[in-house]
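A.B. asks: Here you go, coords30.txt (compact mmCIF, C-alpha atoms):
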```
# COMPACT_ATOMS: atom_id res chain seq x y z
CA MET A 42 0.00 0.00 0.00
CA ARG A 43 1.41 3.37 -0.98
CA HIS A 44 2.03 6.04 1.61
CA PHE A 45 -0.55 8.77 1.62
CA VAL A 46 0.98 12.25 1.24
CA GLU A 47 -1.09 15.22 2.37
CA ASP A 48 -1.04 17.91 -0.24
CA GLU A 49 -3.51 20.77 -0.04
CA THR A 50 -3.42 21.26 -3.81
CA LYS A 51 -4.69 17.67 -4.33
CA LEU A 52 -7.43 17.64 -1.69
CA LEU A 53 -11.02 18.21 -2.76
CA PRO A 54 -12.78 21.29 -1.26
CA SER A 55 -15.03 20.47 1.68
CA SER A 56 -16.78 23.86 2.01
CA LEU A 57 -17.17 27.21 0.30
CA LYS A 58 -14.41 28.64 2.51
CA ASP A 59 -11.91 26.43 0.70
CA PHE A 60 -12.64 28.33 -2.53
CA GLN A 61 -11.87 31.68 -0.87
CA GLU A 62 -8.39 33.17 -0.94
CA ARG A 63 -6.69 33.07 2.50
CA ARG A 64 -6.31 36.55 3.96
CA HIS A 65 -3.17 37.42 5.86
CA PHE A 66 -1.10 40.53 6.56
CA ARG A 67 1.52 41.80 8.95
CA ILE A 68 2.39 45.13 10.59
CA ALA A 69 5.95 46.06 11.55
CA VAL A 70 6.19 46.70 15.30
CA GLY A 71 9.26 48.98 15.18
CA PRO A 72 7.81 51.97 13.28
CA PHE A 73 4.47 51.68 15.08
CA LEU A 74 6.18 51.67 18.49
CA ALA A 75 8.55 54.52 17.62
CA LEU A 76 5.69 56.76 16.46
CA GLY A 77 3.83 56.14 19.70
CA LEU A 78 6.94 56.91 21.78
CA LEU A 79 7.57 60.18 19.92
CA GLN A 80 4.56 61.86 21.53
CA VAL A 81 6.23 62.88 24.80
CA PRO A 82 9.51 64.31 23.37
CA LEU A 83 7.55 66.32 20.80
CA CYS A 84 5.17 67.50 23.50
CA MET A 85 8.12 68.54 25.71
CA ALA A 86 9.48 70.74 22.92
CA TYR A 87 6.01 72.19 22.30
CA ASN A 88 5.52 72.89 26.02
CA LEU A 89 8.84 74.70 26.22
CA LEU A 90 8.13 76.85 23.17
CA MET A 91 4.63 77.77 24.34
CA ALA A 92 5.84 78.48 27.89
CA ILE A 93 8.45 80.94 26.58
CA CYS A 94 5.99 82.60 24.19
CA THR A 95 2.88 82.78 26.39
CA ASP A 96 3.85 82.23 30.03
CA PHE A 97 7.44 83.40 30.34
CA GLU A 98 7.28 85.20 33.69
CA SER A 99 5.62 82.46 35.73
CA THR A 100 7.67 79.61 34.22
CA THR A 101 11.01 81.33 34.86
CA TYR A 102 10.12 82.65 38.33
CA THR A 103 12.17 81.51 41.33
CA SER A 104 11.62 82.21 45.01
CA CYS A 105 14.93 84.12 45.30
CA HIS A 106 14.05 86.32 42.28
CA ALA A 107 17.26 85.51 40.39
CA PHE A 108 17.27 86.30 36.68
CA ASN A 109 16.38 83.32 34.45
CA PHE A 110 15.39 82.97 30.84
CA PHE A 111 14.89 79.22 30.37
CA PRO A 112 11.91 77.40 31.95
CA THR A 113 12.35 73.99 33.50
CA THR A 114 10.62 71.04 31.85
CA SER A 115 8.28 70.60 34.82
CA ALA A 116 7.36 74.32 34.81
CA ALA A 117 6.63 74.17 31.08
CA ALA A 118 4.53 71.01 31.57
CA LYS A 119 2.58 72.74 34.36
CA SER A 120 1.94 75.71 32.08
CA GLN A 121 0.64 73.47 29.29
CA HIS A 122 -0.84 70.83 31.58
CA THR A 123 -3.81 69.85 29.38
CA ILE A 124 -1.83 68.76 26.33
CA TRP A 125 0.89 67.30 28.57
CA THR A 126 -1.61 65.10 30.39
CA LEU A 127 -3.02 63.92 27.07
CA ALA A 128 0.44 63.09 25.69
CA CYS A 129 1.43 61.11 28.80
CA TRP A 130 -1.78 59.08 28.78
CA LEU A 131 -1.54 58.37 25.05
CA GLU A 132 2.09 57.26 25.33
CA PHE A 133 1.59 55.03 28.36
CA PRO A 134 0.37 51.95 26.38
CA PHE A 135 3.38 52.22 24.06
CA LEU A 136 5.76 52.42 27.04
CA ILE A 137 4.23 49.31 28.59
CA ALA A 138 4.37 47.51 25.22
CA SER A 139 8.03 48.47 24.85
CA ALA A 140 8.81 47.19 28.37
CA TRP A 141 7.01 43.90 27.65
CA LEU A 142 8.83 43.40 24.32
CA GLN A 143 12.19 44.18 25.92
CA PHE A 144 11.50 41.72 28.72
CA ARG A 145 10.82 38.95 26.16
CA PHE A 146 13.76 40.01 23.98
CA ASN A 147 16.25 40.09 26.87
CA ARG A 148 15.04 36.78 28.28
CA ARG A 149 15.48 35.02 24.93
CA THR A 150 18.59 36.61 23.45
CA LEU A 151 20.93 37.83 26.20
CA PRO A 152 23.75 35.62 27.53
CA LYS A 153 22.86 33.78 30.70
CA PRO A 154 25.07 35.90 33.06
CA VAL A 155 23.13 39.10 32.22
CA ARG A 156 19.72 37.66 31.34
CA SER A 157 18.14 38.39 34.71
CA PHE A 158 19.71 41.85 34.72
CA GLY A 159 18.17 42.57 31.32
CA CYS A 160 14.73 41.52 32.55
CA LEU A 161 15.20 43.81 35.56
CA MET A 162 15.89 46.73 33.21
CA ALA A 163 12.60 46.06 31.44
CA ILE A 164 10.86 46.23 34.82
CA PHE A 165 12.57 49.59 35.48
CA LEU A 166 11.10 50.82 32.20
CA ALA A 167 7.65 49.78 33.38
CA VAL A 168 8.23 51.68 36.64
CA ASN A 169 9.34 54.70 34.64
CA SER A 170 6.16 54.42 32.54
CA THR A 171 4.04 54.60 35.69
CA SER A 172 6.00 57.60 36.98
CA MET A 173 5.56 59.36 33.64
CA LEU A 174 1.82 58.75 33.80
CA LEU A 175 1.71 60.20 37.32
CA TRP A 176 3.65 63.24 36.15
CA GLY A 177 1.12 63.81 33.40
CA THR A 178 -1.81 63.31 35.77
CA PHE A 179 -0.47 65.63 38.49
CA ALA A 180 1.35 68.14 36.27
CA GLN A 181 -0.18 71.06 38.18
CA ALA A 182 1.31 70.02 41.54
CA ASP A 183 3.51 72.66 43.16
CA GLY A 184 7.24 72.20 42.73
CA ASP A 185 7.78 72.15 46.50
CA SER A 186 5.07 69.55 47.20
CA TRP A 187 6.02 66.04 48.30
CA LEU A 188 3.98 64.62 45.42
CA HIS A 189 6.04 66.49 42.82
CA ILE A 190 9.33 65.66 44.56
CA GLY A 191 8.42 61.96 44.80
CA ILE A 192 7.44 61.74 41.13
CA ALA A 193 10.57 63.64 40.06
CA LEU A 194 12.88 61.38 42.08
CA SER A 195 11.15 58.25 40.77
CA LEU A 196 11.55 59.48 37.19
CA PHE A 197 15.19 60.44 37.66
CA VAL A 198 16.22 57.16 39.32
CA SER A 199 14.33 54.94 36.85
CA CYS A 200 15.67 56.92 33.86
CA ALA A 201 19.28 56.87 35.06
CA VAL A 202 19.23 53.16 35.94
CA TYR A 203 17.45 52.15 32.74
CA MET A 204 19.72 54.18 30.43
CA GLY A 205 22.90 52.72 31.90
CA GLY A 206 21.59 49.19 32.42
CA SER A 207 19.94 48.77 29.02
CA PHE A 208 23.07 50.08 27.30
CA VAL A 209 25.15 47.43 29.11
CA CYS A 210 22.68 44.81 27.88
CA ALA A 211 22.99 46.15 24.34
CA LYS A 212 26.79 45.81 24.53
CA TYR A 213 26.49 42.19 25.69
CA TYR A 214 24.01 41.45 22.90
CA MET A 215 26.23 42.98 20.21
CA ARG A 216 29.51 41.53 21.50
CA ASP A 217 29.60 38.08 19.88
CA ARG A 218 27.41 38.36 16.80
CA ASN A 219 27.49 39.63 13.24
CA ARG A 220 25.87 43.04 13.45
CA GLN A 221 23.05 43.94 11.09
CA LEU A 222 22.95 47.47 9.70
CA GLN A 223 19.96 48.39 11.90
CA GLU A 224 21.63 46.99 15.01
CA GLU A 225 24.89 48.84 14.32
CA LEU A 226 23.08 52.14 13.78
CA SER A 227 20.98 51.63 16.91
CA PHE A 228 24.06 50.92 19.02
CA ARG A 229 25.92 53.99 17.77
CA LEU A 230 22.93 56.25 18.42
CA LYS A 231 22.49 54.78 21.89
CA SER A 232 26.16 55.41 22.68
CA GLY A 233 25.81 59.10 21.82
CA LEU A 234 22.53 59.50 23.69
CA VAL A 235 23.82 57.79 26.84
CA LEU A 236 26.92 60.00 26.92
CA THR A 237 24.88 63.18 26.35
CA TYR A 238 22.33 62.11 28.95
CA TYR A 239 24.82 61.61 31.78
CA VAL A 240 26.76 64.79 30.96
CA ALA A 241 23.47 66.74 31.03
CA VAL A 242 22.50 65.10 34.33
CA VAL A 243 25.80 66.09 35.98
CA VAL A 244 25.49 69.68 34.73
CA MET A 245 21.84 69.79 35.78
CA TRP A 246 22.40 68.72 39.39
CA PHE A 247 25.52 70.86 39.79
CA PHE A 248 23.68 74.03 38.81
CA TYR A 249 20.66 73.02 40.85
CA TYR A 250 22.96 72.97 43.89
CA VAL A 251 24.47 76.33 42.88
CA HIS A 252 21.00 77.81 42.55
CA GLN A 253 19.81 76.47 45.90
CA LYS A 254 22.99 77.47 47.72
CA PHE A 255 23.90 80.83 46.15
CA CYS A 256 20.89 81.77 43.97
CA LEU A 257 23.12 83.05 41.18
CA PRO A 258 21.56 84.56 38.04
CA LEU A 259 21.10 82.07 35.18
CA ALA A 260 21.96 79.07 37.38
CA TYR A 261 18.36 77.84 37.29
CA SER A 262 18.25 78.37 33.51
CA ILE A 263 21.28 76.11 33.05
CA PHE A 264 19.60 73.58 35.32
CA GLY A 265 16.50 73.81 33.11
CA MET A 266 18.57 73.26 29.96
CA GLY A 267 20.23 70.19 31.48
CA GLU A 268 16.85 68.84 32.54
CA PHE A 269 15.36 69.36 29.08
CA ILE A 270 18.34 67.79 27.27
CA SER A 271 18.42 64.76 29.60
CA CYS A 272 14.66 64.20 29.22
CA GLU A 273 14.85 64.46 25.43
CA CYS A 274 17.82 62.07 25.32
CA PHE A 275 15.92 59.51 27.36
CA CYS A 276 12.78 59.77 25.24
CA ILE A 277 14.69 59.55 21.96
CA TYR A 278 16.59 56.57 23.39
CA LEU A 279 13.23 54.84 23.85
CA CYS A 280 12.26 55.69 20.26
CA LEU A 281 15.20 53.57 19.06
CA ALA A 282 12.80 50.67 19.51
CA TYR A 283 12.32 51.35 15.79
CA PHE A 284 15.65 49.57 15.21
CA ASP A 285 15.52 47.16 18.15
CA PHE A 286 12.31 45.51 16.94
CA TYR A 287 12.64 45.97 13.18
CA HIS A 288 12.26 42.20 12.73
CA VAL A 289 9.11 41.82 14.85
CA TYR A 290 5.65 41.87 13.26
CA ILE A 291 2.04 41.78 14.37
CA CYS A 292 0.66 39.12 12.05
CA TYR A 293 -2.85 38.11 11.04
CA ASP A 294 -3.88 34.88 9.41
CA GLN A 295 -7.42 33.86 8.54
CA ARG A 296 -7.05 30.56 10.38
CA LEU A 297 -4.65 31.52 13.20
CA GLY A 298 -5.95 35.01 13.94
CA PHE A 299 -3.61 37.67 15.35
CA PHE A 300 -0.19 36.69 16.70
CA LEU A 301 3.27 38.15 17.27
CA SER A 302 6.20 36.94 15.21
CA GLU A 303 9.20 35.52 17.03
CA ILE A 304 11.48 38.02 18.75
```
Could you show the structure in this file as structure tokens?

C.D. replies:
Amino acid sequence: MRHFVEDETKLLPSSLKDFQERRHFRIAVGPFLALGLLQVPLCMAYNLLMAICTDFESTTYTSCHAFNFFPTTSAAAKSQHTIWTLACWLEFPFLIASAWLQFRFNRRTLPKPVRSFGCLMAIFLAVNSTSMLLWGTFAQADGDSWLHIGIALSLFVSCAVYMGGSFVCAKYYMRDRNRQLQEELSFRLKSGLVLTYYVAVVVMWFFYYVHQKFCLPLAYSIFGMGEFISCECFCIYLCLAYFDFYHVYICYDQRLGFFLSEI
């Protein structure tokens, strides 16, 4: 008896569905995720511009009345709190999705010695996402309130830890493999952003201390510049998910439904 070989082209149709063409498509995750994560950095730039143009005096005011010309990011967000709240809430699902994808990616691809560390960095990103959402929700809180201070410290710690930790994970991932063009570009951009971020953070906190201790003119403006640059670096760093997940797709098949391609 001959072996029976299953071949769909030789089987007779059993229903009308078999005469219909199978529908399937896929959506690239990278561009979709990057567009969603661009909302906050663009909103930060818009807040700053509008604060300077429409609310300059209140956003540059300090309790010691020192001269300043550059609003802080939090003062600009407070001035434009409506659009800032909307941007933070709209970006939150993309931040959580990015944290979830990074958790899966790190667990599957990183070397065993740093695998748990990589998963921990993804959890820090989720914590940062929650802090960002709280900042957007309570953007009108006074700068001296414990709520504002707690949110600011949570954001700073989670940003600083995630930037450094995820960059270490990226170096381990790229160390012993043939780099694709997208991966090489992503790594180079991350290197520049990490360096700029930490330089801006050092300058920011130094001039914050100078302002609090001596209340020198322009010290708070330099602090505001450092804060803005560090926030933008962090947000653009997150947008590099465009390159990190260039090979991941949201797929649809008529029989299987929606599913995520392998990371």

A.B. asks: I'd like the contact shell of Ala180 (chain A) - 9 Å cut-off, only C-alpha atoms, skipping same-chain residues fewer than 2 positions apart - returned as a list in words.

C.D. replies: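 Using only C-alpha atoms, the neighbours found are Ser115, Ala116, Ala118, Lys119, Ser120, Gln121, His122, Thr123, Trp125, Thr126, Leu175, Trp176, Gly177, Thr178, Ala182, Asp183 and His189 of chain A.
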
A.B. asks: Set the distance at 12 Å and use only C-alpha atoms: which residues neighbour Thr150 (chain A) once local chain neighbours fewer than 4 positions away are removed? I'd like the list as a ChimeraX atom specification.

C.D. replies: /A:142-146,154-157,159-160,210-211,213-215,217-218,303-304

A.B. asks: Enter the distance from CA of Val168 (chain A) to CA of Phe73 (chain A), in Å, rounded to one decimal.

C.D. replies: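 Taking CA of Val168 (chain A) and CA of Phe73 (chain A), their separation equals 21.9 Å.
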
A.B. asks: Name the residues in contact with region 83-90 of chain A at a cut-off of 12 Å, using all atoms listed in the file, excluding same-chain residues fewer than 5 positions from it; report them as a ChimeraX atom specification.

C.D. replies: /A:76-78,95-97,100-101,110-129,131-132,177,265-266,268-274,276-277,280

A.B. asks: May I have the residues from that selection written out with C-alpha atoms, as a PDB file, in the frame of the given file?

C.D. replies:
```
ATOM      1  CA  LEU A  76       5.690  56.760  16.460  1.00  0.00           C
ATOM      2  CA  GLY A  77       3.830  56.140  19.700  1.00  0.00           C
ATOM      3  CA  LEU A  78       6.940  56.910  21.780  1.00  0.00           C
ATOM      4  CA  THR A  95       2.880  82.780  26.390  1.00  0.00           C
ATOM      5  CA  ASP A  96       3.850  82.230  30.030  1.00  0.00           C
ATOM      6  CA  PHE A  97       7.440  83.400  30.340  1.00  0.00           C
ATOM      7  CA  THR A 100       7.670  79.610  34.220  1.00  0.00           C
ATOM      8  CA  THR A 101      11.010  81.330  34.860  1.00  0.00           C
ATOM      9  CA  PHE A 110      15.390  82.970  30.840  1.00  0.00           C
ATOM     10  CA  PHE A 111      14.890  79.220  30.370  1.00  0.00           C
ATOM     11  CA  PRO A 112      11.910  77.400  31.950  1.00  0.00           C
ATOM     12  CA  THR A 113      12.350  73.990  33.500  1.00  0.00           C
ATOM     13  CA  THR A 114      10.620  71.040  31.850  1.00  0.00           C
ATOM     14  CA  SER A 115       8.280  70.600  34.820  1.00  0.00           C
ATOM     15  CA  ALA A 116       7.360  74.320  34.810  1.00  0.00           C
ATOM     16  CA  ALA A 117       6.630  74.170  31.080  1.00  0.00           C
ATOM     17  CA  ALA A 118       4.530  71.010  31.570  1.00  0.00           C
ATOM     18  CA  LYS A 119       2.580  72.740  34.360  1.00  0.00           C
ATOM     19  CA  SER A 120       1.940  75.710  32.080  1.00  0.00           C
ATOM     20  CA  GLN A 121       0.640  73.470  29.290  1.00  0.00           C
ATOM     21  CA  HIS A 122      -0.840  70.830  31.580  1.00  0.00           C
ATOM     22  CA  THR A 123      -3.810  69.850  29.380  1.00  0.00           C
ATOM     23  CA  ILE A 124      -1.830  68.760  26.330  1.00  0.00           C
ATOM     24  CA  TRP A 125       0.890  67.300  28.570  1.00  0.00           C
ATOM     25  CA  THR A 126      -1.610  65.100  30.390  1.00  0.00           C
ATOM     26  CA  LEU A 127      -3.020  63.920  27.070  1.00  0.00           C
ATOM     27  CA  ALA A 128       0.440  63.090  25.690  1.00  0.00           C
ATOM     28  CA  CYS A 129       1.430  61.110  28.800  1.00  0.00           C
ATOM     29  CA  LEU A 131      -1.540  58.370  25.050  1.00  0.00           C
ATOM     30  CA  GLU A 132       2.090  57.260  25.330  1.00  0.00           C
ATOM     31  CA  GLY A 177       1.120  63.810  33.400  1.00  0.00           C
ATOM     32  CA  GLY A 265      16.500  73.810  33.110  1.00  0.00           C
ATOM     33  CA  MET A 266      18.570  73.260  29.960  1.00  0.00           C
ATOM     34  CA  GLU A 268      16.850  68.840  32.540  1.00  0.00           C
ATOM     35  CA  PHE A 269      15.360  69.360  29.080  1.00  0.00           C
ATOM     36  CA  ILE A 270      18.340  67.790  27.270  1.00  0.00           C
ATOM     37  CA  SER A 271      18.420  64.760  29.600  1.00  0.00           C
ATOM     38  CA  CYS A 272      14.660  64.200  29.220  1.00  0.00           C
ATOM     39  CA  GLU A 273      14.850  64.460  25.430  1.00  0.00           C
ATOM     40  CA  CYS A 274      17.820  62.070  25.320  1.00  0.00           C
ATOM     41  CA  CYS A 276      12.780  59.770  25.240  1.00  0.00           C
ATOM     42  CA  ILE A 277      14.690  59.550  21.960  1.00  0.00           C
ATOM     43  CA  CYS A 280      12.260  55.690  20.260  1.00  0.00           C
TER      44      CYS A 280
END
```

A.B. asks: Check the smallest atom-to-atom distance from each of A:Ser170, A:Ser262, A:Gln253, A:Ser99 to Tyr203 (chain A) using all atoms listed in the file, then report the winner.

C.D. replies: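 Nearest to Tyr203 (chain A): A:Ser170.
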
A.B. asks: Using the file's own x, y and z axes, so that the box edges lie along x, y and z, what centre and edge lengths in Å (one decimal) does a box around every listed atom of region 195-201 of chain A get when 5 Å is added on each side? Give it as lines of an AutoDock Vina configuration file.

C.D. replies:
```
center_x = 15.2
center_y = 57.7
center_z = 37.3
size_x = 18.1
size_y = 15.5
size_z = 16.9
```

A.B. asks: Extract, using all atoms listed in the file, all DNA, RNA and protein residues at most 9 Å from Ala167 (chain A), discarding same-chain residues fewer than 5 positions from it, and format them as a list in words.

C.D. replies: Leu136, Ile137, Ser139, Ala140, Trp141, Met162 and Ser172 of chain A

A.B. asks: Take the residues from that selection and write them out as a short mmCIF file (atom, residue, chain, number, x, y, z; two decimals), in the frame of the given file, keeping C-alpha atoms.

C.D. replies:
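Final file, result_0.cif:
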```cif
data_model
loop_
_atom_site.label_atom_id
_atom_site.label_comp_id
_atom_site.auth_asym_id
_atom_site.auth_seq_id
_atom_site.Cartn_x
_atom_site.Cartn_y
_atom_site.Cartn_z
CA LEU A 136 5.76 52.42 27.04
CA ILE A 137 4.23 49.31 28.59
CA SER A 139 8.03 48.47 24.85
CA ALA A 140 8.81 47.19 28.37
CA TRP A 141 7.01 43.90 27.65
CA MET A 162 15.89 46.73 33.21
CA SER A 172 6.00 57.60 36.98
#
```

A.B. asks: Can you spit out region 166-177 of chain A with all heavy atoms, as a compact mmCIF listing (two decimals), in the first residue's frame, from the structure just given?

C.D. replies:
```
# COMPACT_ATOMS: atom_id res chain seq x y z
N LEU A 166 11.82 50.04 33.21
CA LEU A 166 11.10 50.82 32.20
C LEU A 166 9.62 50.88 32.50
O LEU A 166 8.98 51.92 32.31
CB LEU A 166 11.35 50.23 30.81
CG LEU A 166 10.65 50.95 29.65
CD1 LEU A 166 11.04 52.43 29.60
CD2 LEU A 166 10.98 50.28 28.32
N ALA A 167 9.06 49.78 32.99
CA ALA A 167 7.65 49.78 33.38
C ALA A 167 7.40 50.72 34.55
O ALA A 167 6.39 51.43 34.60
CB ALA A 167 7.21 48.35 33.73
N VAL A 168 8.33 50.74 35.51
CA VAL A 168 8.23 51.68 36.64
C VAL A 168 8.30 53.11 36.14
O VAL A 168 7.53 53.98 36.58
CB VAL A 168 9.35 51.41 37.66
CG1 VAL A 168 9.38 52.50 38.73
CG2 VAL A 168 9.16 50.04 38.31
N ASN A 169 9.22 53.37 35.22
CA ASN A 169 9.34 54.70 34.64
C ASN A 169 8.05 55.10 33.92
O ASN A 169 7.63 56.27 33.97
CB ASN A 169 10.52 54.74 33.67
CG ASN A 169 10.66 56.06 32.97
OD1 ASN A 169 10.13 56.26 31.87
ND2 ASN A 169 11.37 56.99 33.58
N SER A 170 7.42 54.15 33.25
CA SER A 170 6.16 54.42 32.54
C SER A 170 5.08 54.88 33.52
O SER A 170 4.34 55.83 33.23
CB SER A 170 5.68 53.17 31.80
OG SER A 170 6.69 52.64 30.98
N THR A 171 5.01 54.22 34.67
CA THR A 171 4.04 54.60 35.69
C THR A 171 4.33 55.99 36.24
O THR A 171 3.42 56.80 36.45
CB THR A 171 4.03 53.57 36.82
OG1 THR A 171 3.80 52.27 36.27
CG2 THR A 171 2.92 53.87 37.83
N SER A 172 5.61 56.28 36.48
CA SER A 172 6.00 57.60 36.98
C SER A 172 5.67 58.69 35.97
O SER A 172 5.22 59.78 36.33
CB SER A 172 7.50 57.61 37.30
OG SER A 172 7.83 56.66 38.27
N MET A 173 5.89 58.40 34.68
CA MET A 173 5.56 59.36 33.64
C MET A 173 4.06 59.63 33.60
O MET A 173 3.62 60.78 33.43
CB MET A 173 6.04 58.83 32.29
CG MET A 173 5.85 59.80 31.14
SD MET A 173 6.93 61.24 31.22
CE MET A 173 8.50 60.49 30.80
N LEU A 174 3.28 58.58 33.77
CA LEU A 174 1.82 58.75 33.80
C LEU A 174 1.39 59.60 34.99
O LEU A 174 0.51 60.45 34.87
CB LEU A 174 1.15 57.38 33.85
CG LEU A 174 -0.37 57.36 33.75
CD1 LEU A 174 -0.83 57.89 32.41
CD2 LEU A 174 -0.91 55.95 33.98
N LEU A 175 2.01 59.39 36.14
CA LEU A 175 1.71 60.20 37.32
C LEU A 175 2.10 61.65 37.11
O LEU A 175 1.39 62.57 37.55
CB LEU A 175 2.42 59.62 38.54
CG LEU A 175 1.91 58.28 39.07
CD1 LEU A 175 2.82 57.77 40.18
CD2 LEU A 175 0.48 58.43 39.59
N TRP A 176 3.24 61.88 36.44
CA TRP A 176 3.65 63.24 36.15
C TRP A 176 2.61 63.94 35.27
O TRP A 176 2.27 65.10 35.49
CB TRP A 176 5.02 63.23 35.46
CG TRP A 176 5.59 64.59 35.19
CD1 TRP A 176 5.17 65.79 35.73
CD2 TRP A 176 6.67 64.91 34.32
NE1 TRP A 176 5.94 66.82 35.24
CE2 TRP A 176 6.87 66.31 34.38
CE3 TRP A 176 7.51 64.13 33.51
CZ2 TRP A 176 7.87 66.95 33.64
CZ3 TRP A 176 8.50 64.77 32.79
CH2 TRP A 176 8.67 66.16 32.85
N GLY A 177 2.14 63.22 34.26
CA GLY A 177 1.12 63.81 33.40
C GLY A 177 -0.18 64.07 34.14
O GLY A 177 -0.84 65.09 33.91
```
